[in-house]
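*Asks:* One structure is given below, represented as structure tokens, and several questions about it will come after.
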Amino acid sequence: MRVIVKGYGDMKRFLSRQSILELKEGAKIKDLIVALGGNVITSKTAYLDGYKLEDSTMIVLVNGRNIHALDGYDTILKEGDFVTFVPVLIGG
Amino acid sequence: MVGGYAGKFLEIDLTSQKISETRFPNEILRQYIGGRGLGTRILWDRLGSKWEEIDPLGPENLFLALTGPLTGYFHGARICITGKSPQSNGIIGSTVSGEFPIELKCAGWDGIIISGRAEEPIYLLIDNEDGQIKNAKHMWQKDGKTTLRILIKEVREELGKRYAKHGVLKEPGILYNGPAGDNCVRVAAVLQKWSHAAGYGGYGAVMGSKNLKAIVAKGTGPLPAVAYPEKLEKLLEKYENVALSEERDRVRRWGTGYAGYEVGADRSSEPIRNWQEEWHDEKSIGGPRFDLRYWVKRYWGDYGCAITCMKLAVVKAGPYKGAITDNPDYELEAYLGPNLGVFDAGGIIYLSSLIDELGLSGINGGNLLAFTTELFEKGVITKNDLDGLEPKWGDIDSLAELAKRITNRKGRYFDILAEGTYRAAIKISELKGINVLPYAVHVKGVEVGAHGIRSDEDYTHDICYACSVQGGDHTSTVRDAYDDMNTVFHDSAVYCAVIAWGGGLDGLDWEFLKSITGWNITQEEWKKELSHRIIHIQRAAELLGGPDLRWNPSKDDDNPPRFYEPLPSGPFKGSFISKEVIEKRKQEYYEAIGWDKNGIPKSDVLKKLNLQDVDKALEKIR
Amino acid sequence: MRKVAAERKLWISRDYLKCSGCRRCEIACSLHHEGQIWPEASRIRVFMLVPGVEIPHFCAQCREYYCVNACPFEALSVDEKTSAVIVDKNKCTACGACIKACPGKIPHIHPKENYALICDLCKGDPKCVKACEKAGFNALRLVKEFPSIHRSLFARTPEDLTCDVAENLYAEKAEEVV
């Protein structure tokens, strides 16, 4: 199945602005991260090329929903899902 | 009493001059914490049943200044100002940094609740347990620096007599208004320390409408005891290590001032000439020019802060000699700089210090100045309308004069403009028979923070303002109804959020909450339940609105018209976020937060959170 | 009784222009001495009579020891090792004679208990200096030097110090704002 992946800020190193990724049926977010070259260590921590994806530095969204409000890295993906990686910037 | 809280709130009714104290049950404190959260609950409890009728500038509105359990212990003292907002007609939690909250808590108060209206200008003097109403006629209409000078001298003299045996006391903490607030200008801020302001929400106007010039507090006691004092000391050390870490070095050294160049040149999201463009390559707007020429203090901070990201800027030569401000905070750097076509660092410092003295919000007021300048540029308003004034991009003197005249409200058009960008746009459209709303860059009456959405490169994306209960407030943006809740926590526990930028806190602020209060509140509980109550009540207040305006989500959960115009320049030329994407993201957000397809909080969601009264009130607009 | 020291003694060297106003010195001091964050019970207090002009106000350990000599109850003494002023809580009656005697009005009475608060250099390991150094401000530094008459020049009131520093920071504008 295909999912759309979008990365902002630093994430553009791994993805062009918006890419389409081919994953097997029933794949989870952690499989997507592995497909991008990273690995998932615990239920709350994943690394992508040495870049730590923790809750407060990088937000991972599926169709606008934060994965930690769903099933974390075990969140199951469907055909056409839109996954976004947003680094936490904020500003004043 | 729960750790971290003084245990009581000071209640003052200015009409009857009655002063009393209020306590809230622990259950309420645990759910709403303090600051924005508790303020929202108080406002709803007392004004909710007739919300639409309450005039934000009338005696029935409340003015709240509330601390939270983390205030004073965690990083950078702040206090949250709220009430019914004269801008959005909803509830906005607007924070301002400074020592006032420390003095207040040491005096034995967690916050202040003010109702009614004084007959003549007054200020409040809180001396430990004692609260007094004092005459402020001699400060009324005086600018920020003069007001503060008079107050510090007067109060020190009085307290000096009362505490003569104790020796010299430190100066009191002071929250005050500039003349803009005195004149109920809707973009007036509530200030501390010359250049710190609670700008969003227009609460300076609420203070002014109550004839309240300032609130002064002196507390000689300790900060309230905490649940686990030994843990607190260890956590303070941990906090310092984070604050002084390498990742924080940039913000320590430059404040948010580096953003003046970066947000424009790199992220293409900086307001330029009323948001007509968002990209620039002006290298003098950024850190170094200010640092080398104007900064006399490179590390300036509030109580307890190890980051000390603020800077003290003084212009020592040239036409703007004598201008002093904390600068450049990015928002003012952009709004009183490129957004006004001003690319001169000294000029920006001057405008910034003028805005401080007038008591205007840099963001909301700066936006208003740019709006006016564009209308003048396009010939919609004339030199005649502005009593001979010709505001032009980059013309610092005319822009300064514009700010002064709006503050004084003298002249028909200045009086109209003093109502804020959106309301002025409606009125001017009516008077001129031309629709000028396309030039108003606001969301729900709140002028938008200096981070655009069109390039999609900044942290502000698509619906971040459109679906926020605080309108254009860039410190309360939304995305996923989960991570967004961090800002609600900052505003409710009340502490400065700078340390949270860039991540790496690893839940330290939550550890503080536990060690201070003893409560076992996890991030999950906050993000999935507690914060939602606050958001839903704020949403209800926002949608019920009134008396002069109310918002309709299908129309008003949206970006300003200008954000649909493709960017005209820079590497992201042509970029904007389409209506299609906005509609899709809106529905995603509504689902995530528990609102129906029309953006109204769902009945079952509200009932589950025990907000039956909110549910009932929303019936009339469902 | 005081005598001119023949050896180097501790002193907190102060650089007001570098003070950031973070007040972590106040927090460190009151946590150490009182076990709580207590601004007015801190022996070092950062005054800000004019925004931007932060003045850490605390004992100058001046050679003259005006306070010690003025105390009618012999509650004040000088620590031989550190040269700091030591207050005997049991003898102090909070009469305020030391405050009057100090040219800088530096001592102040504990807001709850009845005794004078004067910096005792934390027995030679001042916590305020640690806090300041950790953040790299260096507005407070611990030095060991022969006590000189120079020290008493720092026994000045907050108002007085504010006027000087304000002119340095604000030049001509200082007159208006102080």
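All residue names refer to the structure tokens as shown: chains lettered A, B, ... in order, residues numbered from 1 in each chain, ligands numbered from 1 in order.
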As a list in words, please: the residues near Ile76 in chain A (cut-off 10 Å, only C-alpha atoms, same-chain neighbours under 3 positions excluded).
*Replies:*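 Non-adjacent residues within range: Glu25, Gly26, Ala27, Lys28, Ile29, Lys30, Asp31, Val62, Ile67, Leu70, Asp71, Gly72, Tyr73 and Asp81 of chain A.
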*Asks:* Please produce a file of the residues just selected, as a short mmCIF file (atom, residue, chain, number, x, y, z; two decimals), in the first residue's frame, where the atoms kept are N, CA and C atoms.
*Replies:*
```cif
data_model
loop_
_atom_site.label_atom_id
_atom_site.label_comp_id
_atom_site.auth_asym_id
_atom_site.auth_seq_id
_atom_site.Cartn_x
_atom_site.Cartn_y
_atom_site.Cartn_z
N GLU A 25 0.93 -4.21 3.49
CA GLU A 25 -0.36 -4.06 4.17
C GLU A 25 -0.21 -4.23 5.67
N GLY A 26 -0.90 -3.39 6.43
CA GLY A 26 -0.85 -3.52 7.90
C GLY A 26 0.41 -2.96 8.52
N ALA A 27 1.21 -2.28 7.73
CA ALA A 27 2.46 -1.72 8.28
C ALA A 27 2.14 -0.68 9.35
N LYS A 28 3.05 -0.56 10.31
CA LYS A 28 2.85 0.42 11.39
C LYS A 28 3.84 1.58 11.21
N ILE A 29 3.69 2.59 12.04
CA ILE A 29 4.59 3.74 11.98
C ILE A 29 6.04 3.27 12.16
N LYS A 30 6.26 2.33 13.03
CA LYS A 30 7.65 1.90 13.25
C LYS A 30 8.25 1.29 12.00
N ASP A 31 7.39 0.64 11.20
CA ASP A 31 7.88 0.07 9.94
C ASP A 31 8.24 1.18 8.97
N VAL A 62 -0.33 11.36 11.93
CA VAL A 62 -0.97 10.54 10.89
C VAL A 62 -2.32 11.20 10.63
N ILE A 67 0.77 10.71 16.85
CA ILE A 67 0.80 9.25 17.04
C ILE A 67 0.67 8.87 18.51
N LEU A 70 -2.60 8.18 19.52
CA LEU A 70 -3.12 6.96 18.89
C LEU A 70 -2.39 5.77 19.52
N ASP A 71 -1.69 4.99 18.72
CA ASP A 71 -0.98 3.84 19.30
C ASP A 71 0.53 4.00 19.25
N GLY A 72 1.00 5.25 19.27
CA GLY A 72 2.44 5.48 19.25
C GLY A 72 3.05 4.89 17.99
N TYR A 73 4.21 4.30 18.14
CA TYR A 73 4.89 3.74 16.97
C TYR A 73 4.22 2.47 16.45
N ASP A 81 -2.80 7.08 3.71
CA ASP A 81 -2.57 7.86 4.93
C ASP A 81 -1.49 8.91 4.69
#
```
*Asks:* May I have the residues within 10 Å of Ile37 in chain C as a tab-separated table (two decimals) with C-alpha atoms, in the first residue's frame, using only C-alpha atoms and disregarding those fewer than 5 positions away in the same chain?
*Replies:*
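File written: result_15.tsv
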```tsv
chain	number	residue	atom	x	y	z
B	72	GLY	CA	8.70	31.28	41.02
B	73	TYR	CA	10.20	27.81	41.18
B	106	CYS	CA	5.41	36.05	48.68
B	221	GLY	CA	7.27	36.19	53.06
B	222	PRO	CA	8.72	33.11	51.41
B	223	LEU	CA	7.36	31.49	48.29
B	224	PRO	CA	4.76	28.92	49.35
B	225	ALA	CA	6.17	25.64	50.66
C	24	ARG	CA	19.55	33.12	41.34
C	26	GLU	CA	18.89	35.39	46.08
C	27	ILE	CA	17.40	31.96	45.49
C	28	ALA	CA	20.66	30.18	46.36
C	29	CYS	CA	21.18	32.29	49.47
C	30	SER	CA	17.69	31.89	50.88
C	31	LEU	CA	17.60	28.17	50.05
C	32	HIS	CA	20.87	27.72	51.88
C	42	SER	CA	18.14	36.59	51.44
```
*Asks:* Specify as a ChimeraX atom specification all residues of chain B found within 6 Å of chain A, counting only C-alpha atoms.
*Replies:* /B:459,480,501-503,588
*Asks:* Could you please select, counting only C-alpha atoms, the residues of chain C within 6 Å of chain B and state them as a ChimeraX atom specification?
*Replies:* /C:20-24,37-38,40,47,51,108-109,173
*Asks:* As an NGL selection string, list the residues of range 19-142 of chain C assigned to strand (DSSP E) by DSSP on the backbone atoms of this structure.
*Replies:* :C and (45-50 or 53-57 or 76-78 or 85-87 or 108-109 or 116-117 or 140-142)
*Asks:* Nearest to Ala131 in chain C among C:Ile86, C:Leu117, C:Leu17, C:Cys25, with distances taken over only C-alpha atoms: which residue is it?
*Replies:* C:Cys25
